[in-house]
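Listing of my_file22.cif; format and content: mmCIF, C-alpha atoms and all ligand atoms.
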```
data_run
loop_
_atom_site.label_atom_id
_atom_site.label_comp_id
_atom_site.auth_asym_id
_atom_site.auth_seq_id
_atom_site.Cartn_x
_atom_site.Cartn_y
_atom_site.Cartn_z
CA MET A 1 5.49 5.38 22.80
CA ASN A 2 5.43 9.14 22.46
CA TYR A 3 5.81 9.37 18.70
CA ARG A 4 2.89 10.89 16.77
CA HIS A 5 3.29 11.02 13.02
CA ALA A 6 0.98 14.06 12.76
CA PHE A 7 3.91 16.28 13.79
CA HIS A 8 5.79 15.22 10.65
CA ALA A 9 3.02 14.64 8.10
CA GLY A 10 3.92 15.83 4.61
CA ASN A 11 7.59 16.52 5.43
CA PHE A 12 10.36 15.70 2.94
CA ALA A 13 10.70 12.19 4.34
CA ASP A 14 6.99 11.47 3.81
CA VAL A 15 7.22 12.78 0.25
CA PHE A 16 10.12 10.51 -0.64
CA LYS A 17 8.74 7.47 1.20
CA HIS A 18 5.24 7.79 -0.23
CA ALA A 19 6.30 8.51 -3.82
CA ALA A 20 8.56 5.43 -3.65
CA LEU A 21 5.78 3.33 -2.06
CA ILE A 22 3.47 4.18 -4.97
CA ALA A 23 6.20 3.21 -7.46
CA LEU A 24 6.69 -0.13 -5.67
CA LEU A 25 2.98 -0.97 -5.61
CA ASP A 26 2.50 0.11 -9.22
CA ALA A 27 5.38 -2.18 -10.22
CA LEU A 28 3.77 -5.12 -8.39
CA ALA A 29 0.36 -4.35 -9.88
CA GLN A 30 1.74 -4.84 -13.39
CA LYS A 31 0.75 -8.49 -13.02
CA PRO A 32 -2.97 -9.21 -12.62
CA ALA A 33 -2.50 -11.81 -9.83
CA PRO A 34 -3.68 -10.56 -6.40
CA LEU A 35 -1.17 -8.99 -4.04
CA CYS A 36 -1.06 -8.30 -0.32
CA TYR A 37 0.26 -5.07 1.25
CA VAL A 38 1.42 -5.22 4.87
CA ASP A 39 2.13 -2.01 6.82
CA THR A 40 3.80 -2.88 10.17
CA HIS A 41 3.68 0.71 11.51
CA ALA A 42 0.64 2.19 9.82
CA GLY A 43 -0.08 5.44 11.68
CA ARG A 44 -3.58 6.97 11.53
CA GLY A 45 -3.80 6.99 7.72
CA ARG A 46 -4.74 10.65 7.18
CA TYR A 47 -3.45 13.91 8.65
CA ASP A 48 -4.94 17.39 8.83
CA LEU A 49 -2.24 19.74 7.51
CA GLY A 50 -4.12 22.88 8.46
CA ALA A 51 -4.56 22.24 12.18
CA GLY A 52 -3.04 20.67 15.28
CA GLU A 53 0.39 19.06 15.29
CA ALA A 54 1.14 19.33 11.55
CA ALA A 55 0.32 23.03 11.47
CA ARG A 56 2.38 23.64 14.63
CA THR A 57 5.65 22.16 13.36
CA GLY A 58 5.20 23.30 9.76
CA GLU A 59 7.43 20.48 8.48
CA GLN A 60 5.15 20.27 5.42
CA ALA A 61 6.73 23.56 4.24
CA GLY A 62 9.98 21.74 3.47
CA GLY A 63 8.11 18.82 1.93
CA VAL A 64 4.82 18.50 0.12
CA ARG A 65 4.19 22.27 -0.02
CA ARG A 66 7.30 22.70 -2.18
CA LEU A 67 5.94 20.22 -4.71
CA LEU A 68 2.54 21.88 -4.76
CA ALA A 69 4.15 25.25 -5.45
CA ALA A 70 6.22 23.92 -8.38
CA THR A 71 5.37 22.58 -11.81
CA PRO A 72 5.80 18.90 -11.08
CA ALA A 73 8.19 16.90 -13.21
CA ALA A 74 6.63 13.84 -14.88
CA PRO A 75 7.84 11.26 -12.28
CA LEU A 76 5.99 13.16 -9.51
CA ARG A 77 2.66 13.48 -11.26
CA ARG A 78 1.20 10.16 -10.12
CA TYR A 79 2.01 10.97 -6.45
CA LEU A 80 0.52 14.46 -6.71
CA ASP A 81 -2.57 13.20 -8.55
CA LEU A 82 -3.18 10.68 -5.76
CA LEU A 83 -2.77 13.36 -3.06
CA ARG A 84 -5.43 15.46 -4.77
CA ARG A 85 -7.75 12.52 -5.40
CA LEU A 86 -7.56 11.56 -1.71
CA ASP A 87 -8.38 15.11 -0.57
CA PRO A 88 -11.45 15.85 -2.69
CA ASP A 89 -12.83 18.61 -0.45
CA ALA A 90 -9.73 20.81 -0.59
CA PRO A 91 -10.01 23.96 -2.73
CA THR A 92 -8.53 23.55 -6.21
CA GLY A 93 -4.73 23.46 -6.14
CA ALA A 94 -4.63 23.30 -2.33
CA LEU A 95 -4.15 20.38 0.04
CA ARG A 96 -5.82 20.15 3.42
CA HIS A 97 -5.38 16.49 4.34
CA TYR A 98 -2.22 14.50 3.75
CA PRO A 99 -2.61 10.72 3.23
CA GLY A 100 -0.49 8.28 5.20
CA SER A 101 0.99 5.12 3.74
CA PRO A 102 -2.18 2.99 4.32
CA LEU A 103 -4.42 5.40 2.41
CA LEU A 104 -1.99 5.80 -0.48
CA ALA A 105 -1.46 2.05 -0.65
CA ALA A 106 -5.21 1.36 -0.64
CA ALA A 107 -5.56 3.80 -3.55
CA CYS A 108 -2.97 1.78 -5.51
CA LEU A 109 -4.49 -1.61 -4.71
CA ARG A 110 -7.03 -3.24 -6.97
CA GLU A 111 -10.28 -5.08 -6.24
CA GLN A 112 -8.43 -8.40 -5.93
CA ASP A 113 -5.75 -7.11 -3.51
CA ARG A 114 -5.69 -6.85 0.30
CA ALA A 115 -4.00 -4.70 2.91
CA LEU A 116 -3.04 -5.72 6.47
CA LEU A 117 -2.28 -2.76 8.73
CA CYS A 118 -0.72 -2.87 12.22
CA GLU A 119 -0.72 0.08 14.61
CA LEU A 120 0.10 -0.11 18.32
CA GLN A 121 -1.05 3.31 19.52
CA PRO A 122 -4.79 3.02 20.42
CA ASP A 123 -5.88 6.48 19.18
CA GLU A 124 -4.05 6.07 15.88
CA TYR A 125 -5.51 2.59 15.51
CA ALA A 126 -9.04 3.88 16.19
CA ALA A 127 -8.67 6.57 13.51
CA LEU A 128 -7.36 4.00 11.04
CA ARG A 129 -10.32 1.70 11.67
CA VAL A 130 -12.77 4.50 11.00
CA LEU A 131 -10.94 5.46 7.81
CA PHE A 132 -11.24 1.96 6.36
CA ARG A 133 -14.59 0.86 7.83
CA ASP A 134 -16.15 0.60 4.34
CA ASP A 135 -13.21 -1.03 2.58
CA ALA A 136 -13.44 -4.82 2.89
CA ARG A 137 -9.97 -5.25 1.35
CA VAL A 138 -8.32 -3.57 4.34
CA HIS A 139 -7.77 -5.31 7.72
CA VAL A 140 -6.62 -3.21 10.66
CA HIS A 141 -4.86 -4.73 13.70
CA LEU A 142 -4.08 -3.16 17.09
CA ARG A 143 -0.78 -5.01 17.28
CA ASP A 144 2.98 -4.71 17.48
CA GLY A 145 3.85 -4.84 13.79
CA TYR A 146 7.15 -6.65 14.37
CA ALA A 147 5.54 -9.37 16.46
CA ALA A 148 2.59 -9.70 14.04
CA LEU A 149 4.72 -10.38 10.96
CA PRO A 150 5.32 -14.12 11.48
CA ALA A 151 1.57 -14.64 12.00
CA LEU A 152 0.61 -12.62 8.91
CA LEU A 153 3.20 -14.14 6.54
CA PRO A 154 3.17 -15.65 4.06
CA PRO A 155 -0.12 -14.21 2.82
CA PRO A 156 -2.32 -16.51 0.73
CA GLU A 157 -1.77 -14.21 -2.27
CA LYS A 158 1.95 -15.21 -2.22
CA ARG A 159 2.85 -11.83 -3.79
CA GLY A 160 3.15 -8.47 -2.13
CA LEU A 161 4.99 -5.84 -0.16
CA VAL A 162 5.77 -5.30 3.52
CA LEU A 163 6.48 -1.70 4.53
CA ILE A 164 8.44 -1.35 7.78
CA ASP A 165 8.26 2.29 8.85
CA PRO A 166 8.98 2.50 12.60
CA PRO A 167 9.32 5.70 14.64
CA TYR A 168 13.02 5.18 15.61
CA GLU A 169 12.32 6.24 19.19
CA ALA A 170 15.14 3.84 20.11
CA GLN A 171 17.39 5.70 17.61
CA ASP A 172 19.89 3.29 16.04
CA GLY A 173 18.66 0.58 18.44
CA GLU A 174 15.61 0.26 16.18
CA PHE A 175 17.78 -1.60 13.67
CA ALA A 176 18.11 -4.60 16.01
CA ALA A 177 14.30 -4.95 16.05
CA ILE A 178 14.13 -4.48 12.27
CA GLN A 179 16.79 -7.11 11.61
CA ALA A 180 15.10 -9.66 13.88
CA ALA A 181 11.71 -9.01 12.27
CA LEU A 182 13.10 -9.13 8.73
CA ARG A 183 14.97 -12.37 9.37
CA ALA A 184 11.84 -14.05 10.78
CA ALA A 185 9.69 -12.65 7.97
CA TRP A 186 11.77 -13.71 5.02
CA LEU A 187 12.36 -17.19 6.46
CA ARG A 188 8.59 -17.59 6.22
CA TRP A 189 8.16 -15.64 2.99
CA PRO A 190 11.38 -15.36 0.97
CA GLN A 191 9.58 -14.07 -2.15
CA GLY A 192 8.00 -11.05 -0.43
CA VAL A 193 9.15 -7.55 -1.23
CA TYR A 194 10.25 -5.69 1.92
CA ALA A 195 10.82 -1.94 2.16
CA VAL A 196 12.43 -0.53 5.31
CA TRP A 197 12.38 3.23 5.79
CA TYR A 198 15.18 4.85 7.85
CA PRO A 199 16.22 8.39 8.79
CA ILE A 200 19.70 9.67 7.98
CA LYS A 201 21.34 11.81 10.63
CA ARG A 202 24.93 10.75 10.07
CA ARG A 203 25.27 8.26 7.23
CA ALA A 204 28.07 6.39 9.00
CA THR A 205 25.65 5.09 11.65
CA LEU A 206 23.73 3.21 8.94
CA ARG A 207 26.69 1.10 7.86
CA PRO A 208 26.15 -1.81 10.29
CA PHE A 209 22.55 -2.24 9.09
CA GLN A 210 23.54 -2.04 5.43
CA ARG A 211 26.46 -4.44 5.94
CA TRP A 212 24.09 -6.83 7.66
CA LEU A 213 21.64 -6.58 4.75
CA ALA A 214 24.39 -7.23 2.20
CA ALA A 215 25.55 -10.34 4.07
CA SER A 216 22.12 -11.60 5.12
CA GLY A 217 21.41 -13.80 2.12
CA ALA A 218 18.53 -11.53 1.07
CA ARG A 219 18.32 -11.06 -2.68
CA LYS A 220 17.99 -7.98 -4.87
CA VAL A 221 18.65 -5.50 -2.08
CA LEU A 222 18.43 -1.93 -3.34
CA ILE A 223 19.20 1.21 -1.32
CA ALA A 224 17.56 4.52 -2.28
CA GLU A 225 18.51 7.60 -0.28
CA LEU A 226 17.69 11.29 -0.43
CA GLN A 227 19.63 13.83 1.60
CA VAL A 228 18.26 17.35 1.75
CA ARG A 229 21.44 18.69 3.39
CA GLY A 230 24.88 17.41 4.35
CA ASP A 231 25.00 14.78 7.05
CA ASP A 232 27.30 16.74 9.35
CA SER A 233 24.59 17.45 11.92
CA PRO A 234 23.88 14.37 14.09
CA LEU A 235 20.94 16.12 15.80
CA ARG A 236 18.75 16.63 12.73
CA MET A 237 17.22 14.35 10.16
CA ASN A 238 19.32 15.30 7.15
CA GLY A 239 17.87 12.74 4.81
CA CYS A 240 16.20 9.37 4.68
CA GLY A 241 16.36 6.14 2.81
CA LEU A 242 14.57 2.97 1.84
CA ALA A 243 16.20 -0.44 1.85
CA ILE A 244 14.27 -2.71 -0.50
CA VAL A 245 14.62 -6.49 -0.47
CA ASN A 246 13.51 -8.42 -3.58
CA ALA A 247 13.28 -5.11 -5.41
CA PRO A 248 10.80 -5.44 -8.30
CA PHE A 249 11.90 -5.44 -11.95
CA ARG A 250 12.90 -1.97 -13.16
CA ILE A 251 12.16 -0.26 -9.82
CA ASP A 252 15.72 1.12 -9.88
CA ALA A 253 14.89 3.19 -12.97
CA ALA A 254 11.64 4.45 -11.43
CA LEU A 255 13.39 5.41 -8.18
CA ALA A 256 16.26 7.09 -10.05
CA ALA A 257 13.73 9.29 -11.86
CA LEU A 258 11.94 10.10 -8.59
CA LEU A 259 15.17 10.99 -6.77
CA THR A 260 16.30 13.22 -9.63
CA ALA A 261 12.97 15.05 -9.65
CA LEU A 262 12.81 15.39 -5.85
CA GLN A 263 16.37 16.44 -4.99
CA PRO A 264 16.24 20.02 -6.37
CA LEU A 265 12.75 20.59 -4.96
CA LEU A 266 13.50 19.35 -1.46
CA ALA A 267 17.15 20.45 -1.12
CA ASP A 268 17.79 22.49 2.01
CA GLY A 269 21.48 23.23 1.70
CA PRO A 270 24.56 22.62 -0.41
CA GLY A 271 25.07 19.04 0.81
CA ALA A 272 21.84 17.74 -0.79
CA SER A 273 22.47 14.45 -2.58
CA GLN A 274 20.92 11.19 -3.70
CA ARG A 275 22.10 7.61 -3.77
CA LEU A 276 20.80 4.51 -5.50
CA GLU A 277 22.85 1.38 -5.02
CA TRP A 278 22.40 -2.36 -5.28
CA LEU A 279 23.79 -4.03 -2.15
CA THR A 280 23.11 -7.44 -3.68
CA PRO A 281 22.02 -7.33 -7.31
CA ASP A 282 20.60 -10.89 -7.53
C1 LIG A 301 6.49 6.69 11.23
S1 LIG A 301 4.89 6.42 11.85
C2 LIG A 301 4.10 5.58 10.53
C3 LIG A 301 3.76 6.43 9.35
C4 LIG A 301 3.04 5.70 8.25
N1 LIG A 301 3.72 4.45 7.89
C5 LIG A 301 2.94 6.58 7.04
O1 LIG A 301 3.86 6.57 6.20
O2 LIG A 301 1.94 7.28 6.89
C6 LIG A 301 5.13 5.10 12.99
C7 LIG A 301 3.86 4.58 13.64
O3 LIG A 301 4.16 3.35 14.30
C8 LIG A 301 3.39 3.27 15.50
N2 LIG A 301 4.11 2.27 16.32
C9 LIG A 301 5.15 2.44 17.18
N3 LIG A 301 5.62 1.23 17.59
C10 LIG A 301 4.86 0.29 16.95
C11 LIG A 301 4.89 -1.14 16.91
N4 LIG A 301 5.78 -1.83 17.62
N5 LIG A 301 3.99 -1.77 16.12
C12 LIG A 301 3.09 -1.07 15.39
N6 LIG A 301 3.03 0.26 15.38
C13 LIG A 301 3.90 0.94 16.14
C14 LIG A 301 3.37 4.68 16.01
O4 LIG A 301 2.25 4.86 16.86
C15 LIG A 301 3.25 5.49 14.71
O5 LIG A 301 1.91 5.71 14.39
#
```

Could you spell out this file's structure in structure tokens?
Ligand SMILES: C[S@@+](CC[C@H](N)C(=O)[O-])C[C@H]1O[C@@H](n2cnc3c(N)ncnc32)[C@H](O)[C@@H]1O
Amino acid sequence: MNYRHAFHAGNFADVFKHAALIALLDALAQKPAPLCYVDTHAGRGRYDLGAGEAARTGEQAGGVRRLLAATPAAPLRRYLDLLRRLDPDAPTGALRHYPGSPLLAAACLREQDRALLCELQPDEYAALRVLFRDDARVHVHLRDGYAALPALLPPPEKRGLVLIDPPYEAQDGEFAAIQAALRAAWLRWPQGVYAVWYPIKRRATLRPFQRWLAASGARKVLIAELQVRGDDSPLRMNGCGLAIVNAPFRIDAALAALLTALQPLLADGPGASQRLEWLTPD
């Protein structure tokens, strides 16, 4: 396990994933009944953009920094407002710390909701624990997120979202682990909403996973993808996507608006594109 998310914090993939995560949680929070958020690969929860790994790679320049430098279109305002709210000590208009998925999710959750976070890397786990030590809604586990899912599901709330955001150190081999975990999870909790993040190097390599999803018996499977350049380079991350199972009502419209606002800001070449497609509409 060499992956450290700090090297990539605030890059275009984080922007897309986190803006979509907020839209998903906001959609679920339309109903007052409690919900449970599960993050199988949580990371450390908060990243210093001005120092260390994030400053060294500078990936933020092609991601969140572009949004901060622009006048944000309406669909991006909620995401940007949350970034600023979660970084209160930054000078006005600037951003020093970038929130990970657990911190953004916790900001979207209400008093009656809970979050269950799994992280396998001890230092990342320790940082996550400190971050949430005063938030009784949030439970942090030093665990393999795939293996933990059957034990955590179904949550007593019976409503909620599982984010599966692995590091893809096994490249396309990661999909075998995702499929096994998803199958076990939705057998136990068929009503749960599941969102799987994936990188796009060459789109063709994603077809087996998407074919499997379409044939799996899962319902309301929606694919949302953002490419910042053409997918002709197999060595670079050219885009990324989210596969959503049991996609909430009207999330397709919210994601369409997000993709349309993000594509021109994050484009890094003539092949930039977006895709929103139902693999199984019902
Ligand atoms: C892509 S990062 C997560 C980023 C985070 N979800 C966010 O959006 O802010 C993946 C994380 O998974 C952790 N990890 C790797 N394998 C894991 C496993 N089997 N179970 C739980 N965490 C794992 C890594 O240490 C890393 O922190």

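Distances to Lys31 in chain A were evaluated for A:Leu109, A:Leu142, A:Ala195, A:Ala256 using all atoms listed in the file, and the minimum falls at A:Leu109.
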
- Item | At most 6 Å from ligand LIG 301 (chain A) (only C-alpha atoms and all ligand atoms): residue list as a VMD selection string | chain A and resid 3 to 5 40 to 43 45 100 to 101 118 to 121 143 to 146 165 to 167

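Computed from the coordinates, the CA of Val64 in chain A to CA of Leu242 in chain A distance equals 18.4 Å.
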
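The space between CA of Leu149 in chain A and CA of Val162 in chain A spans 9.1 Å.
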
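Residue nearest Tyr37 in chain A, chosen from A:Arg229, A:Arg137, A:Arg236, A:Arg183 and counting all atoms listed in the file: A:Arg137.
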
- Note on the structure: Among A:Val130, A:Ile164, A:Ala6, A:Leu83, Gly58 in chain A is approached most closely, using only C-alpha atoms, by A:Ala6

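The protein and nucleic acid residues lying at most 8 Å from range 68-77 of chain A are Ala19, Gly93, Ala94, Ala254, Ala257, Leu258 and Ala261 of chain A, with all atoms listed in the file considered and sequence neighbours fewer than 6 positions away removed.
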
- Note on the structure: From CA of His8 in chain A to CA of Arg84 in chain A the spacing works out at 19.1 Å

- Item | Residue neighbourhood Pro264 in chain A, 12 Å, only C-alpha atoms, exclusion window fewer than 6 positions, as a ChimeraX atom specification | /A:12,62-63,66-67,70,72-73,226-229,258,270-274

- Task: Name all residues at most 6 Å from Arg44 in chain A (count only C-alpha atoms; drop same-chain ones fewer than 4 positions away) and give them as a list of chain:residue names.
- Result: A:Glu124, A:Ala127, A:Leu128

Any chance you can output those residues with C-alpha atoms as a PDB file, keeping the file's coordinate frame?
```
ATOM      1  CA  GLU A 124      -4.050   6.070  15.880  1.00  0.00           C
ATOM      2  CA  ALA A 127      -8.670   6.570  13.510  1.00  0.00           C
ATOM      3  CA  LEU A 128      -7.360   4.000  11.040  1.00  0.00           C
TER       4      LEU A 128
END
```

- Got a sec: who's within 9 Å of Ala9 in chain A, counting all atoms listed in the file, leaving out chain neighbours fewer than 4 positions off, as a ChimeraX atom specification? /A:5,13-14,46-49,53-54,59-60,98-100

Test item: residues at most 9 Å from Glu225 in chain A, all atoms listed in the file, excluding those fewer than 2 positions along its chain, as a PDB file with C-alpha atoms, in the coordinates of the input:
```pdb
ATOM      1  CA  PHE A  16      10.120  10.510  -0.640  1.00  0.00           C
ATOM      2  CA  ILE A 200      19.700   9.670   7.980  1.00  0.00           C
ATOM      3  CA  ILE A 223      19.200   1.210  -1.320  1.00  0.00           C
ATOM      4  CA  GLN A 227      19.630  13.830   1.600  1.00  0.00           C
ATOM      5  CA  GLY A 239      17.870  12.740   4.810  1.00  0.00           C
ATOM      6  CA  CYS A 240      16.200   9.370   4.680  1.00  0.00           C
ATOM      7  CA  GLY A 241      16.360   6.140   2.810  1.00  0.00           C
ATOM      8  CA  LEU A 242      14.570   2.970   1.840  1.00  0.00           C
ATOM      9  CA  ALA A 243      16.200  -0.440   1.850  1.00  0.00           C
ATOM     10  CA  LEU A 259      15.170  10.990  -6.770  1.00  0.00           C
ATOM     11  CA  SER A 273      22.470  14.450  -2.580  1.00  0.00           C
ATOM     12  CA  GLN A 274      20.920  11.190  -3.700  1.00  0.00           C
ATOM     13  CA  ARG A 275      22.100   7.610  -3.770  1.00  0.00           C
ATOM     14  CA  LEU A 276      20.800   4.510  -5.500  1.00  0.00           C
ATOM     15  CA  GLU A 277      22.850   1.380  -5.020  1.00  0.00           C
TER      16      GLU A 277
END
```

File contents for range 165-244 of chain A with C-alpha atoms as a compact mmCIF listing (two decimals), in the first residue's frame:
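Contents of the output file out.txt:
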```txt
# COMPACT_ATOMS: atom_id res chain seq x y z
CA ASP A 165 -13.09 5.10 -3.83
CA PRO A 166 -10.08 2.74 -3.94
CA PRO A 167 -6.54 3.68 -5.01
CA TYR A 168 -6.41 1.36 -8.09
CA GLU A 169 -2.88 0.24 -7.21
CA ALA A 170 -3.88 -3.05 -8.85
CA GLN A 171 -4.89 -1.08 -11.98
CA ASP A 172 -7.81 -2.78 -13.73
CA GLY A 173 -7.48 -5.69 -11.27
CA GLU A 174 -9.20 -3.44 -8.72
CA PHE A 175 -12.49 -4.07 -10.51
CA ALA A 176 -12.52 -7.73 -9.40
CA ALA A 177 -12.38 -6.59 -5.75
CA ILE A 178 -15.05 -3.94 -6.38
CA GLN A 179 -17.40 -6.41 -8.05
CA ALA A 180 -17.04 -8.95 -5.24
CA ALA A 181 -17.62 -6.27 -2.59
CA LEU A 182 -20.59 -4.77 -4.43
CA ARG A 183 -22.23 -8.14 -4.94
CA ALA A 184 -21.89 -9.02 -1.24
CA ALA A 185 -23.06 -5.56 -0.19
CA TRP A 186 -26.20 -5.32 -2.26
CA LEU A 187 -27.25 -8.88 -1.37
CA ARG A 188 -27.37 -7.63 2.22
CA TRP A 189 -28.67 -4.15 1.40
CA PRO A 190 -30.36 -3.94 -2.00
CA GLN A 191 -31.87 -0.50 -1.30
CA GLY A 192 -28.53 1.21 -0.58
CA VAL A 193 -27.11 3.76 -2.97
CA TYR A 194 -23.59 2.80 -4.10
CA ALA A 195 -21.15 5.12 -5.86
CA VAL A 196 -17.95 3.65 -7.31
CA TRP A 197 -15.26 6.06 -8.47
CA TYR A 198 -12.89 4.96 -11.27
CA PRO A 199 -10.07 6.53 -13.28
CA ILE A 200 -10.22 6.64 -17.07
CA LYS A 201 -6.96 5.98 -18.88
CA ARG A 202 -8.36 4.22 -21.93
CA ARG A 203 -12.14 4.03 -21.87
CA ALA A 204 -12.14 0.60 -23.53
CA THR A 205 -10.64 -1.01 -20.40
CA LEU A 206 -13.77 -0.02 -18.44
CA ARG A 207 -16.16 -1.98 -20.63
CA PRO A 208 -15.99 -5.31 -18.74
CA PHE A 209 -16.88 -3.57 -15.46
CA GLN A 210 -19.72 -1.60 -17.06
CA ARG A 211 -21.04 -4.70 -18.85
CA TRP A 212 -20.96 -6.56 -15.56
CA LEU A 213 -22.89 -3.73 -13.86
CA ALA A 214 -25.52 -3.70 -16.61
CA ALA A 215 -26.05 -7.45 -16.30
CA SER A 216 -25.71 -7.71 -12.53
CA GLY A 217 -29.35 -7.23 -11.62
CA ALA A 218 -28.54 -3.92 -9.91
CA ARG A 219 -31.19 -1.27 -10.49
CA LYS A 220 -30.99 2.36 -11.60
CA VAL A 221 -27.33 2.21 -12.60
CA LEU A 222 -26.11 5.59 -13.82
CA ILE A 223 -22.67 6.34 -15.27
CA ALA A 224 -21.26 9.87 -15.04
CA GLU A 225 -17.87 10.53 -16.63
CA LEU A 226 -15.66 13.55 -17.17
CA GLN A 227 -12.67 13.43 -19.49
CA VAL A 228 -10.28 16.36 -19.39
CA ARG A 229 -8.44 15.16 -22.52
CA GLY A 230 -8.77 12.40 -25.11
CA ASP A 231 -8.27 8.87 -23.87
CA ASP A 232 -5.45 8.05 -26.29
CA SER A 233 -2.77 8.03 -23.60
CA PRO A 234 -2.89 4.81 -21.53
CA LEU A 235 -0.23 6.12 -19.12
CA ARG A 236 -2.14 9.11 -17.78
CA MET A 237 -5.43 9.59 -16.01
CA ASN A 238 -7.39 11.28 -18.78
CA GLY A 239 -10.67 11.40 -16.95
CA CYS A 240 -12.69 9.69 -14.28
CA GLY A 241 -16.16 8.45 -13.63
CA LEU A 242 -18.71 7.43 -11.06
CA ALA A 243 -20.93 4.39 -11.41
CA ILE A 244 -24.00 4.88 -9.24
```
